[in-house]
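For reference, structure-v5.csv (CSV, C-alpha atoms and all ligand atoms):
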```csv
chain,number,residue,atom,x,y,z
A,128,MET,CA,0.9,-4.0,11.7
A,129,THR,CA,4.5,-5.0,12.3
A,130,HIS,CA,5.3,-8.3,10.9
A,131,SER,CA,2.7,-10.4,9.2
A,132,ALA,CA,-0.7,-9.9,8.1
A,133,ARG,CA,-4.3,-9.7,8.7
A,134,HIS,CA,-7.9,-10.6,8.2
A,135,GLY,CA,-9.8,-13.8,8.5
A,136,PRO,CA,-13.2,-15.0,7.5
A,137,LEU,CA,-15.0,-12.0,9.1
A,138,TRP,CA,-12.8,-9.6,7.1
A,139,ALA,CA,-13.4,-11.6,4.0
A,140,MET,CA,-17.1,-11.2,4.4
A,141,LEU,CA,-16.7,-7.5,5.0
A,142,SER,CA,-14.4,-7.1,2.1
A,143,THR,CA,-17.0,-8.6,-0.1
A,144,TYR,CA,-19.6,-6.4,1.4
A,145,TYR,CA,-17.6,-3.3,0.8
A,146,SER,CA,-16.7,-4.3,-2.6
A,147,ASN,CA,-20.3,-4.7,-3.4
A,148,ASN,CA,-21.6,-1.6,-1.7
A,149,ALA,CA,-18.9,0.9,-1.2
A,150,ILE,CA,-15.8,0.4,-3.3
A,151,MET,CA,-17.7,-0.5,-6.4
A,152,LYS,CA,-21.0,1.3,-5.8
A,153,SER,CA,-22.1,4.5,-4.2
A,154,ILE,CA,-23.5,4.3,-0.7
A,155,ASN,CA,-25.8,6.8,0.8
A,156,LEU,CA,-25.7,8.3,4.3
A,157,LYS,CA,-28.4,6.0,5.7
A,158,GLU,CA,-26.5,3.0,4.5
A,159,ILE,CA,-23.2,4.2,6.0
A,160,ASP,CA,-24.7,4.0,9.5
A,161,LYS,CA,-25.9,0.4,8.9
A,162,LEU,CA,-22.4,-0.8,7.8
A,163,PRO,CA,-20.7,-3.1,10.3
A,164,GLY,CA,-17.8,-2.0,12.4
A,165,LYS,CA,-17.0,1.4,14.0
A,166,ARG,CA,-16.9,4.2,11.6
A,167,LEU,CA,-13.7,6.2,12.1
A,168,SER,CA,-13.4,9.9,11.4
A,169,ASP,CA,-10.0,11.4,10.8
A,170,LYS,CA,-9.7,12.4,14.4
A,171,ASP,CA,-10.8,9.1,16.0
A,172,ILE,CA,-8.3,7.2,18.0
A,173,PHE,CA,-8.3,3.4,18.0
A,174,GLY,CA,-6.0,0.9,19.8
A,175,PHE,CA,-4.2,-1.7,17.7
A,176,ASN,CA,-0.8,-3.3,17.2
A,177,CYS,CA,0.3,-6.5,15.4
A,178,HIS,CA,3.5,-8.4,16.1
A,179,SER,CA,4.8,-11.9,15.9
A,180,GLY,CA,4.5,-12.3,19.8
A,181,LEU,CA,0.7,-12.5,19.5
A,182,SER,CA,-1.0,-15.9,19.7
A,183,CYS,CA,-3.0,-15.0,16.5
A,184,PHE,CA,0.2,-14.4,14.5
A,185,ASN,CA,-0.4,-15.6,10.9
A,186,LYS,CA,-4.0,-16.7,11.7
A,187,CYS,CA,-5.5,-14.0,9.6
A,188,CYS,CA,-3.9,-14.7,6.2
A,189,ARG,CA,-6.2,-17.6,5.1
A,190,ASN,CA,-9.5,-18.3,3.6
A,191,LEU,CA,-9.9,-14.8,2.2
A,192,ASN,CA,-11.8,-13.0,-0.5
A,193,LEU,CA,-8.8,-10.7,-1.1
A,194,PHE,CA,-9.6,-8.3,-3.9
A,195,LEU,CA,-6.6,-6.9,-5.6
A,196,TYR,CA,-6.6,-3.5,-7.1
A,197,PRO,CA,-4.3,-2.5,-10.1
A,198,TYR,CA,-1.6,-1.0,-7.9
A,199,ASP,CA,-1.5,-4.1,-5.8
A,200,VAL,CA,-0.9,-6.2,-8.9
A,201,LEU,CA,1.8,-3.9,-10.1
A,202,ARG,CA,3.7,-4.1,-6.7
A,203,LEU,CA,3.2,-7.9,-6.3
A,204,LYS,CA,4.4,-8.8,-9.8
A,205,ASN,CA,7.4,-6.6,-9.4
A,206,SER,CA,8.1,-8.2,-6.0
A,207,LEU,CA,7.9,-11.7,-7.5
A,208,LYS,CA,9.9,-10.5,-10.5
A,209,ILE,CA,7.4,-11.8,-13.0
A,210,SER,CA,5.3,-10.2,-15.7
A,211,SER,CA,1.8,-8.9,-15.0
A,212,ASP,CA,0.5,-11.4,-17.5
A,213,ARG,CA,2.2,-14.3,-15.6
A,214,PHE,CA,1.0,-13.0,-12.3
A,215,LEU,CA,-2.6,-12.8,-13.5
A,216,ASP,CA,-2.3,-16.3,-15.0
A,217,SER,CA,-0.8,-17.9,-11.9
A,218,TYR,CA,-2.3,-16.1,-8.9
A,219,VAL,CA,-5.8,-14.7,-9.5
A,220,ASP,CA,-9.3,-15.4,-10.4
A,221,ILE,CA,-11.0,-12.8,-12.6
A,222,VAL,CA,-14.7,-12.6,-11.6
A,223,LEU,CA,-17.6,-10.7,-13.0
A,224,ARG,CA,-20.2,-10.3,-10.4
A,225,PRO,CA,-23.9,-9.6,-11.2
A,226,ASP,CA,-24.6,-6.0,-11.9
A,227,ASN,CA,-21.0,-5.2,-12.4
A,228,PHE,CA,-19.6,-4.1,-15.8
A,229,PHE,CA,-15.9,-4.5,-15.0
A,230,PRO,CA,-14.4,-7.7,-13.6
A,231,ASP,CA,-12.8,-7.9,-10.2
A,232,VAL,CA,-9.5,-9.6,-9.4
A,233,LEU,CA,-9.4,-12.0,-6.5
A,234,LEU,CA,-6.2,-13.5,-5.1
A,235,GLN,CA,-6.4,-17.3,-5.3
A,236,MET,CA,-5.9,-19.0,-1.9
A,237,SER,CA,-3.6,-22.1,-1.8
A,238,ASP,CA,-5.2,-25.4,-2.2
A,239,ASN,CA,-4.4,-26.7,1.3
A,240,SER,CA,-6.6,-27.6,4.3
A,241,GLU,CA,-6.5,-24.0,5.6
A,242,ASN,CA,-6.7,-22.2,2.3
A,243,THR,CA,-3.8,-20.0,3.2
A,244,CYS,CA,-2.7,-17.0,1.2
A,245,PRO,CA,-0.1,-18.2,-1.4
A,246,PHE,CA,2.4,-15.7,0.1
A,247,LEU,CA,2.1,-16.8,3.7
A,248,ARG,CA,5.1,-18.5,5.2
A,249,ALA,CA,5.8,-19.7,8.8
A,250,SER,CA,7.8,-16.5,9.3
A,251,GLY,CA,4.9,-14.3,8.1
A,252,CYS,CA,4.1,-12.5,4.8
A,253,SER,CA,6.8,-13.3,2.1
A,254,VAL,CA,5.8,-10.2,0.1
A,255,TYR,CA,5.5,-7.9,3.1
A,256,PRO,CA,7.0,-4.8,1.5
A,257,ASP,CA,4.7,-5.2,-1.4
A,258,ARG,CA,1.6,-6.6,0.3
A,259,PRO,CA,-1.8,-5.4,-1.0
A,260,ASP,CA,-3.5,-2.3,0.2
A,261,THR,CA,-6.2,-4.2,2.1
A,262,CYS,CA,-3.6,-6.1,4.0
A,263,ARG,CA,-1.8,-2.9,5.0
A,264,THR,CA,-5.0,-1.2,6.2
A,265,PHE,CA,-6.5,-4.1,8.0
A,266,PRO,CA,-8.2,-4.1,10.5
A,267,VAL,CA,-9.4,-0.8,9.2
A,268,GLU,CA,-11.7,-1.4,6.3
A,269,GLN,CA,-11.9,1.2,3.5
A,270,GLY,CA,-14.9,2.1,1.5
A,271,ILE,CA,-15.7,4.7,-1.1
A,272,PHE,CA,-18.4,7.2,-0.3
A,273,LEU,CA,-19.8,9.0,-3.3
A,274,ASN,CA,-21.2,12.1,-1.5
A,275,PRO,CA,-23.8,13.7,-3.7
A,276,ASP,CA,-22.8,17.1,-2.3
A,277,LYS,CA,-19.2,16.8,-3.4
A,278,ASN,CA,-17.8,16.1,-6.8
A,279,LYS,CA,-15.1,13.7,-5.7
A,280,PRO,CA,-15.6,10.3,-4.0
A,281,GLU,CA,-13.9,10.0,-0.6
A,282,LEU,CA,-12.5,7.1,1.4
A,283,ILE,CA,-14.4,6.2,4.5
A,284,HIS,CA,-13.0,3.9,7.2
A,285,PHE,CA,-14.3,1.4,9.7
A,286,PHE,CA,-12.5,-0.4,12.5
A,287,ARG,CA,-13.4,-4.0,12.4
A,288,PRO,CA,-11.0,-6.6,13.7
A,289,PRO,CA,-12.3,-10.1,13.8
A,290,ASP,CA,-12.7,-11.6,17.3
A,291,PHE,CA,-9.6,-13.8,17.1
A,292,CYS,CA,-7.4,-10.8,16.3
A,293,MET,CA,-5.5,-10.0,19.5
A,294,GLY,CA,-4.0,-6.8,18.1
A,295,GLN,CA,-7.2,-4.9,19.1
A,296,HIS,CA,-6.3,-5.4,22.8
A,297,GLU,CA,-2.9,-3.8,22.4
A,298,ASP,CA,-2.5,-0.3,23.7
A,299,GLN,CA,-0.8,1.5,20.8
A,300,GLU,CA,-3.0,4.5,19.9
A,301,LEU,CA,-3.6,5.2,16.3
A,302,THR,CA,-5.5,7.4,13.9
A,303,ILE,CA,-6.4,6.5,10.3
A,304,LYS,CA,-3.5,8.8,9.2
A,305,SER,CA,-0.9,7.5,11.6
A,306,TRP,CA,-1.9,3.9,10.8
A,307,ALA,CA,-1.6,4.5,7.1
A,308,LYS,CA,1.8,6.1,7.6
A,309,ASP,CA,2.9,3.3,9.9
A,310,GLN,CA,1.9,0.7,7.2
A,311,LYS,CA,3.4,2.7,4.3
A,312,ALA,CA,-0.1,2.7,2.9
A,313,VAL,CA,-0.4,6.3,1.9
A,314,LYS,CA,0.5,5.8,-1.8
A,315,TYR,CA,-1.6,2.6,-1.9
A,316,ASN,CA,-4.6,4.4,-0.4
A,317,ARG,CA,-4.2,7.1,-3.0
A,318,MET,CA,-4.1,4.6,-5.9
A,319,THR,CA,-7.0,2.6,-4.5
A,320,LEU,CA,-9.1,5.8,-4.4
A,321,LYS,CA,-8.1,6.7,-8.0
A,322,TRP,CA,-9.1,3.2,-9.1
A,323,ALA,CA,-12.3,3.2,-7.1
A,324,GLU,CA,-13.3,6.4,-8.7
A,325,LEU,CA,-12.8,4.9,-12.2
A,326,LYS,CA,-14.4,1.6,-11.2
A,327,SER,CA,-17.5,3.4,-10.0
A,328,MET,CA,-18.0,4.7,-13.5
A,329,PHE,CA,-18.8,1.1,-14.5
A,330,HIS,CA,-22.0,1.1,-12.5
A,331,ASN,CA,-23.7,1.5,-15.9
A,332,ASP,CA,-23.0,-0.7,-18.8
A,333,PRO,CA,-20.7,1.2,-21.2
A,334,TRP,CA,-20.1,-1.7,-23.6
A,335,ASP,CA,-23.2,-1.8,-25.8
A,336,LYS,CA,-23.7,-5.3,-27.0
A,337,GLN,CA,-20.1,-6.3,-26.6
A,338,GLY,CA,-20.3,-6.8,-22.9
A,339,PRO,CA,-17.3,-6.5,-20.5
A,340,ASN,CA,-15.6,-9.5,-22.1
A,341,GLY,CA,-15.7,-8.0,-25.6
A,342,PRO,CA,-12.7,-6.4,-27.3
A,343,LYS,CA,-13.1,-3.0,-25.6
A,344,GLY,CA,-13.6,-4.5,-22.2
A,345,LYS,CA,-10.5,-6.6,-22.6
A,346,MET,CA,-8.5,-3.5,-23.6
A,347,ALA,CA,-9.7,-1.6,-20.5
A,348,PHE,CA,-8.8,-4.6,-18.3
A,349,MET,CA,-5.4,-4.8,-19.8
A,350,ALA,CA,-4.7,-1.0,-19.2
A,351,ALA,CA,-5.7,-1.4,-15.5
A,352,TYR,CA,-4.3,-4.8,-14.5
A,353,ASN,CA,-1.9,-6.1,-17.1
A,354,LEU,CA,0.6,-3.2,-17.1
A,355,ASP,CA,3.4,-5.0,-19.0
A,356,GLN,CA,1.1,-5.9,-21.8
A,357,TYR,CA,-0.3,-2.3,-21.8
A,358,ARG,CA,3.3,-0.9,-22.1
A,359,ASP,CA,3.9,-3.2,-25.0
A,360,PHE,CA,0.6,-2.1,-26.6
A,361,LEU,CA,1.5,1.6,-26.1
A,362,PHE,CA,5.0,1.4,-27.6
A,363,ASN,CA,4.9,-1.5,-30.0
A,364,SER,CA,1.5,-1.2,-31.7
A,365,SER,CA,-0.1,1.5,-33.8
A,366,PHE,CA,-1.2,3.3,-30.6
A,367,LEU,CA,1.2,6.2,-31.1
A,368,LYS,CA,0.1,6.6,-34.7
A,369,ARG,CA,-3.4,7.0,-33.6
A,370,TYR,CA,-2.8,9.1,-30.4
A,371,LYS,CA,-0.6,12.1,-30.0
A,372,VAL,CA,1.3,11.9,-26.7
A,373,LYS,CA,3.9,14.5,-25.7
A,374,SER,CA,7.4,13.3,-25.8
A,375,ALA,CA,8.1,14.3,-22.2
A,376,THR,CA,5.1,12.2,-21.2
A,377,LEU,CA,6.3,9.2,-23.2
A,378,LYS,CA,9.6,9.4,-21.5
A,379,LYS,CA,8.0,9.3,-18.1
A,380,LEU,CA,5.8,6.4,-19.2
A,381,LYS,CA,8.8,4.4,-20.3
A,382,ALA,CA,10.6,4.9,-17.0
A,383,ASP,CA,7.8,4.8,-14.4
A,384,ASP,CA,5.2,2.1,-13.9
A,385,LEU,CA,3.1,4.2,-11.7
A,386,GLU,CA,2.9,7.0,-14.3
A,387,LEU,CA,2.0,4.3,-16.9
A,388,MET,CA,-0.8,3.1,-14.7
A,389,LYS,CA,-2.2,6.6,-14.2
A,390,PHE,CA,-2.0,7.2,-17.9
A,391,GLY,CA,-3.8,3.9,-18.4
A,392,PHE,CA,-6.6,5.1,-16.2
A,393,SER,CA,-7.0,8.3,-18.2
A,394,TRP,CA,-6.9,6.4,-21.4
A,395,ILE,CA,-9.7,4.1,-20.2
A,396,LYS,CA,-11.8,7.2,-19.4
A,397,PHE,CA,-11.0,8.6,-22.9
A,398,PHE,CA,-11.7,5.6,-25.0
A,399,VAL,CA,-14.7,4.2,-23.1
A,400,TRP,CA,-16.5,7.5,-22.4
A,401,GLY,CA,-14.7,10.1,-24.5
A,402,ILE,CA,-13.5,12.0,-21.4
A,403,LYS,CA,-10.7,14.3,-22.5
A,404,THR,CA,-7.3,14.3,-20.8
A,405,LYS,CA,-4.3,16.6,-21.2
A,406,ASN,CA,-2.1,13.5,-21.6
A,407,MET,CA,-3.2,12.5,-25.1
A,408,ARG,CA,-5.4,13.3,-28.0
A,409,LEU,CA,-6.4,11.6,-31.2
A,410,ARG,CA,-4.3,12.5,-34.2
B,1,LIG,S1,-0.3,-10.9,1.1
B,1,LIG,FE1,0.8,-11.2,3.0
B,1,LIG,S2,-0.4,-9.9,4.4
B,1,LIG,FE2,-1.7,-10.3,2.7
B,1,LIG,S3,-2.9,-12.1,3.2
B,1,LIG,FE3,-1.1,-12.7,2.0
B,1,LIG,S4,0.4,-13.3,3.5
B,1,LIG,FE4,-1.2,-12.1,4.5
B,2,LIG,S1,-3.0,-9.1,15.5
B,2,LIG,FE1,-4.7,-9.4,14.0
B,2,LIG,S2,-3.7,-8.7,12.1
B,2,LIG,FE2,-2.1,-9.2,13.5
B,2,LIG,S3,-1.5,-11.3,13.1
B,2,LIG,FE3,-3.1,-11.3,14.8
B,2,LIG,S4,-5.0,-11.6,13.7
B,2,LIG,FE4,-3.5,-10.9,12.2
```

Would you encode the structure as structure tokens?
Ligand code: SF4
Ligand code: SF4
Amino acid sequence: MTHSARHGPLWAMLSTYYSNNAIMKSINLKEIDKLPGKRLSDKDIFGFNCHSGLSCFNKCCRNLNLFLYPYDVLRLKNSLKISSDRFLDSYVDIVLRPDNFFPDVLLQMSDNSENTCPFLRASGCSVYPDRPDTCRTFPVEQGIFLNPDKNKPELIHFFRPPDFCMGQHEDQELTIKSWAKDQKAVKYNRMTLKWAELKSMFHNDPWDKQGPNGPKGKMAFMAAYNLDQYRDFLFNSSFLKRYKVKSATLKKLKADDLELMKFGFSWIKFFVWGIKTKNMRLR
């Protein structure tokens, strides 16, 4: 996509669908074939282009259920030059859906007649270089397939432009890979997969009686989504008295938000399920 953004009501529905059934839960082979849209393999070619000359320009950035993943929040809050805490306070709804044991983060749409995305301007997306993964990948939808024959979850893709999206009639030929490269989505896709892997571990309730809103759940949410607060927790609380972290790792964590986020993911696995990591150990 060249200028602005993507997805309308159809996409929103699909996004919700995927979030329920693919990103957050495993799907089996029979279910894959029932999912809407055309499933794309790595080699499949699809035609698509998006530019400001199309009559649908800007029509897709409204009335969305736009789920934000941790890396989306990191990029957006840096783009807006505000703290992650302020971003979460000002721009999102945190929702806990039935049968989920970790909350989801939804971008709040503007309170206007068309419920536009808060970042939409007449000229297009005002956070374009830092737009969320879903916006980059649209109209290709991503899901997570937990293949029982393999240890690692994999991303699966579906081509599903809404009817009003004129980009599907353009003749630029793409593959999943070339589209991700074109949209500078490769790093985003990688982080979405990492997050989805971890999120899928919350299929079962790990919180005992505390629930996801208890103290442990709140800490895990902070490590994933509220990175500035997590950094503060790491360096200005008793964390380093309780955990041994190599000084080279600490140096990286201070300098690099992405490393801090990955460390946070490992820490969640460690403190929720006791899964060991080479990055830290209890003193
Ligand atoms: S972030 Fe940008 S691309 Fe995504 S919905 Fe909002 S305006 Fe559109
Ligand atoms: S071509 Fe599709 S993605 Fe691009 S602006 Fe139009 S509706 Fe949105």

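With all atoms listed in the file as the atoms that count, the set of residues no farther than 7 Å from ligand LIG 1 (chain B) is Ser131, Ala132, Arg133, Cys187, Cys188, Arg189, Cys244, Pro245, Phe246, Leu247, Gly251, Cys252, Ser253, Val254, Tyr255, Arg258, Pro259 and Cys262 of chain A.
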
- Item | Coordinates-based distance that separates CA of Ala351 (chain A) from CA of Leu195 (chain A) (Å, one decimal) |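 Rounded to one decimal, the two atoms are 11.4 Å apart.
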
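Rounded to one decimal, CA of Gln356 (chain A) and CA of Arg410 (chain A) lie 22.8 Å from each other.
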
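The space separating CA of Gly164 (chain A) from CA of Phe285 (chain A) comes to 5.6 Å.
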
- Message: My list of candidates is A:Cys292, A:Val232, A:Leu193, A:Leu273. Which is closest to ligand LIG 2 (chain B) when distances are computed with only C-alpha atoms and all ligand atoms?
- Response: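 Going through A:Cys292, A:Val232, A:Leu193, A:Leu273 one by one, the smallest distance to ligand LIG 2 (chain B) is for A:Cys292.
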
- Query: Taking all atoms listed in the file into account, which of A:Asn192, A:Gln337, A:Phe265, A:Arg369 comes nearest Gln235 (chain A)?
  - Reply: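 Under the stated criterion, the closest residue is A:Asn192.
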
- Task: Find the residues with any atom within 12 Å of (6.1, -12.4, -11.1); use all atoms listed in the file and the coordinates as given in the file, and write the answer as a list in words.
- Result: Val200, Leu201, Arg202, Leu203, Lys204, Asn205, Ser206, Leu207, Lys208, Ile209, Ser210, Ser211, Asp212, Arg213, Phe214, Leu215, Asp216, Ser217, Tyr218, Val254, Asn353 and Asp355 of chain A

- Of the candidates A:Lys373, A:Lys165, A:His296, A:Lys279, which one gets nearest to Glu324 (chain A) if we count only C-alpha atoms?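 Using only C-alpha atoms, the shortest distance to Glu324 (chain A) belongs to A:Lys279.
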
- Item | Nearest to ligand LIG 2 (chain B) by atom-to-atom distance, counting only C-alpha atoms and all ligand atoms, from A:Tyr315, A:Phe390, A:Tyr196, A:Phe291 |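 Among A:Tyr315, A:Phe390, A:Tyr196, A:Phe291, it is A:Phe291 that comes nearest to ligand LIG 2 (chain B).
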
- Around (-12.6, 1.1, -17.6) in the file's frame, which residues reach within 8 Å when counting all atoms listed in the file? Return as a PyMOL selection string? chain A and resi 229+325-326+328-329+344+347-348+351+392+395-396+399

- Taking into account all atoms listed in the file, which residue in the set A:Asp220, A:Arg263, A:Lys379, A:Ala323 is nearest to Asp309 (chain A)?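 Among the listed residues, A:Arg263 lies closest to Asp309 (chain A).
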
- Close residues, Trp394 (chain A) itself excluded, 10 Å, only C-alpha atoms, min 2 positions apart in chain, as a list in words: Ala347, Ala350, Ala351, Met388, Lys389, Phe390, Gly391, Phe392, Lys396, Phe397, Phe398, Val399, Trp400, Gly401, Ile402, Lys403, Thr404, Asn406, Met407 and Arg408 of chain A

Store the residues picked out above, limited to C-alpha atoms, as a tab-separated table (two decimals), in the coordinates of the input.
```
chain	number	residue	atom	x	y	z
A	347	ALA	CA	-9.70	-1.60	-20.50
A	350	ALA	CA	-4.70	-1.00	-19.20
A	351	ALA	CA	-5.70	-1.40	-15.50
A	388	MET	CA	-0.80	3.10	-14.70
A	389	LYS	CA	-2.20	6.60	-14.20
A	390	PHE	CA	-2.00	7.20	-17.90
A	391	GLY	CA	-3.80	3.90	-18.40
A	392	PHE	CA	-6.60	5.10	-16.20
A	396	LYS	CA	-11.80	7.20	-19.40
A	397	PHE	CA	-11.00	8.60	-22.90
A	398	PHE	CA	-11.70	5.60	-25.00
A	399	VAL	CA	-14.70	4.20	-23.10
A	400	TRP	CA	-16.50	7.50	-22.40
A	401	GLY	CA	-14.70	10.10	-24.50
A	402	ILE	CA	-13.50	12.00	-21.40
A	403	LYS	CA	-10.70	14.30	-22.50
A	404	THR	CA	-7.30	14.30	-20.80
A	406	ASN	CA	-2.10	13.50	-21.60
A	407	MET	CA	-3.20	12.50	-25.10
A	408	ARG	CA	-5.40	13.30	-28.00
```

- Restricting the calculation to all atoms listed in the file, which member of A:Phe184, A:Trp334, A:Phe175, A:Phe366 is positioned closest to ligand LIG 2 (chain B)?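 Looking only at the distances to ligand LIG 2 (chain B), the closest residue turns out to be A:Phe184.
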
- Item | Residue contacts of Leu181 (chain A) (10 Å, all atoms listed in the file) excluding same-chain residues fewer than 6 positions away, as a VMD selection string | chain A and resid 292 to 294 297

Got a minute to add N, CA and C atoms to region 257-278 of chain A and dump it as a PDB file, in the coordinates of the input?
```pdb
ATOM      1  N   ASP A 257       5.538  -5.410  -0.256  1.00  0.00           N
ATOM      2  CA  ASP A 257       4.700  -5.200  -1.400  1.00  0.00           C
ATOM      3  C   ASP A 257       3.272  -5.767  -1.199  1.00  0.00           C
ATOM      4  N   ARG A 258       2.894  -5.987   0.035  1.00  0.00           N
ATOM      5  CA  ARG A 258       1.600  -6.600   0.300  1.00  0.00           C
ATOM      6  C   ARG A 258       0.465  -5.637  -0.148  1.00  0.00           C
ATOM      7  N   PRO A 259      -0.690  -6.215  -0.484  1.00  0.00           N
ATOM      8  CA  PRO A 259      -1.800  -5.400  -1.000  1.00  0.00           C
ATOM      9  C   PRO A 259      -2.292  -4.332  -0.024  1.00  0.00           C
ATOM     10  N   ASP A 260      -2.990  -3.374  -0.571  1.00  0.00           N
ATOM     11  CA  ASP A 260      -3.500  -2.300   0.200  1.00  0.00           C
ATOM     12  C   ASP A 260      -4.416  -2.778   1.368  1.00  0.00           C
ATOM     13  N   THR A 261      -5.280  -3.731   1.052  1.00  0.00           N
ATOM     14  CA  THR A 261      -6.200  -4.200   2.100  1.00  0.00           C
ATOM     15  C   THR A 261      -5.458  -4.839   3.245  1.00  0.00           C
ATOM     16  N   CYS A 262      -4.361  -5.540   2.952  1.00  0.00           N
ATOM     17  CA  CYS A 262      -3.600  -6.100   4.000  1.00  0.00           C
ATOM     18  C   CYS A 262      -2.913  -5.061   4.886  1.00  0.00           C
ATOM     19  N   ARG A 263      -2.481  -3.992   4.254  1.00  0.00           N
ATOM     20  CA  ARG A 263      -1.800  -2.900   5.000  1.00  0.00           C
ATOM     21  C   ARG A 263      -2.827  -2.242   5.943  1.00  0.00           C
ATOM     22  N   THR A 264      -4.012  -2.005   5.442  1.00  0.00           N
ATOM     23  CA  THR A 264      -5.000  -1.200   6.200  1.00  0.00           C
ATOM     24  C   THR A 264      -5.716  -1.954   7.232  1.00  0.00           C
ATOM     25  N   PHE A 265      -5.815  -3.267   7.059  1.00  0.00           N
ATOM     26  CA  PHE A 265      -6.500  -4.100   8.000  1.00  0.00           C
ATOM     27  C   PHE A 265      -5.990  -3.843   9.447  1.00  0.00           C
ATOM     28  N   PRO A 266      -6.810  -3.820  10.481  1.00  0.00           N
ATOM     29  CA  PRO A 266      -8.200  -4.100  10.500  1.00  0.00           C
ATOM     30  C   PRO A 266      -9.131  -2.907  10.260  1.00  0.00           C
ATOM     31  N   VAL A 267      -8.545  -1.893   9.657  1.00  0.00           N
ATOM     32  CA  VAL A 267      -9.400  -0.800   9.200  1.00  0.00           C
ATOM     33  C   VAL A 267      -9.844  -1.106   7.803  1.00  0.00           C
ATOM     34  N   GLU A 268     -11.140  -1.100   7.602  1.00  0.00           N
ATOM     35  CA  GLU A 268     -11.700  -1.400   6.300  1.00  0.00           C
ATOM     36  C   GLU A 268     -11.955  -0.064   5.565  1.00  0.00           C
ATOM     37  N   GLN A 269     -11.704  -0.071   4.277  1.00  0.00           N
ATOM     38  CA  GLN A 269     -11.900   1.200   3.500  1.00  0.00           C
ATOM     39  C   GLN A 269     -13.154   0.997   2.613  1.00  0.00           C
ATOM     40  N   GLY A 270     -13.863   2.052   2.438  1.00  0.00           N
ATOM     41  CA  GLY A 270     -14.900   2.100   1.500  1.00  0.00           C
ATOM     42  C   GLY A 270     -14.898   3.400   0.718  1.00  0.00           C
ATOM     43  N   ILE A 271     -15.637   3.467  -0.338  1.00  0.00           N
ATOM     44  CA  ILE A 271     -15.700   4.700  -1.100  1.00  0.00           C
ATOM     45  C   ILE A 271     -17.096   5.302  -0.914  1.00  0.00           C
ATOM     46  N   PHE A 272     -17.135   6.527  -0.501  1.00  0.00           N
ATOM     47  CA  PHE A 272     -18.400   7.200  -0.300  1.00  0.00           C
ATOM     48  C   PHE A 272     -18.560   8.254  -1.431  1.00  0.00           C
ATOM     49  N   LEU A 273     -19.593   8.060  -2.237  1.00  0.00           N
ATOM     50  CA  LEU A 273     -19.800   9.000  -3.300  1.00  0.00           C
ATOM     51  C   LEU A 273     -20.841  10.042  -2.782  1.00  0.00           C
ATOM     52  N   ASN A 274     -20.313  11.060  -2.146  1.00  0.00           N
ATOM     53  CA  ASN A 274     -21.200  12.100  -1.500  1.00  0.00           C
ATOM     54  C   ASN A 274     -21.827  12.939  -2.592  1.00  0.00           C
ATOM     55  N   PRO A 275     -23.158  12.943  -2.609  1.00  0.00           N
ATOM     56  CA  PRO A 275     -23.800  13.700  -3.700  1.00  0.00           C
ATOM     57  C   PRO A 275     -23.530  15.215  -3.595  1.00  0.00           C
ATOM     58  N   ASP A 276     -23.111  15.692  -2.402  1.00  0.00           N
ATOM     59  CA  ASP A 276     -22.800  17.100  -2.300  1.00  0.00           C
ATOM     60  C   ASP A 276     -21.421  17.503  -2.745  1.00  0.00           C
ATOM     61  N   LYS A 277     -20.607  16.510  -2.975  1.00  0.00           N
ATOM     62  CA  LYS A 277     -19.200  16.800  -3.400  1.00  0.00           C
ATOM     63  C   LYS A 277     -18.994  16.150  -4.753  1.00  0.00           C
ATOM     64  N   ASN A 278     -18.059  16.704  -5.502  1.00  0.00           N
ATOM     65  CA  ASN A 278     -17.800  16.100  -6.800  1.00  0.00           C
ATOM     66  C   ASN A 278     -16.957  14.852  -6.731  1.00  0.00           C
TER      67      ASN A 278
END
```
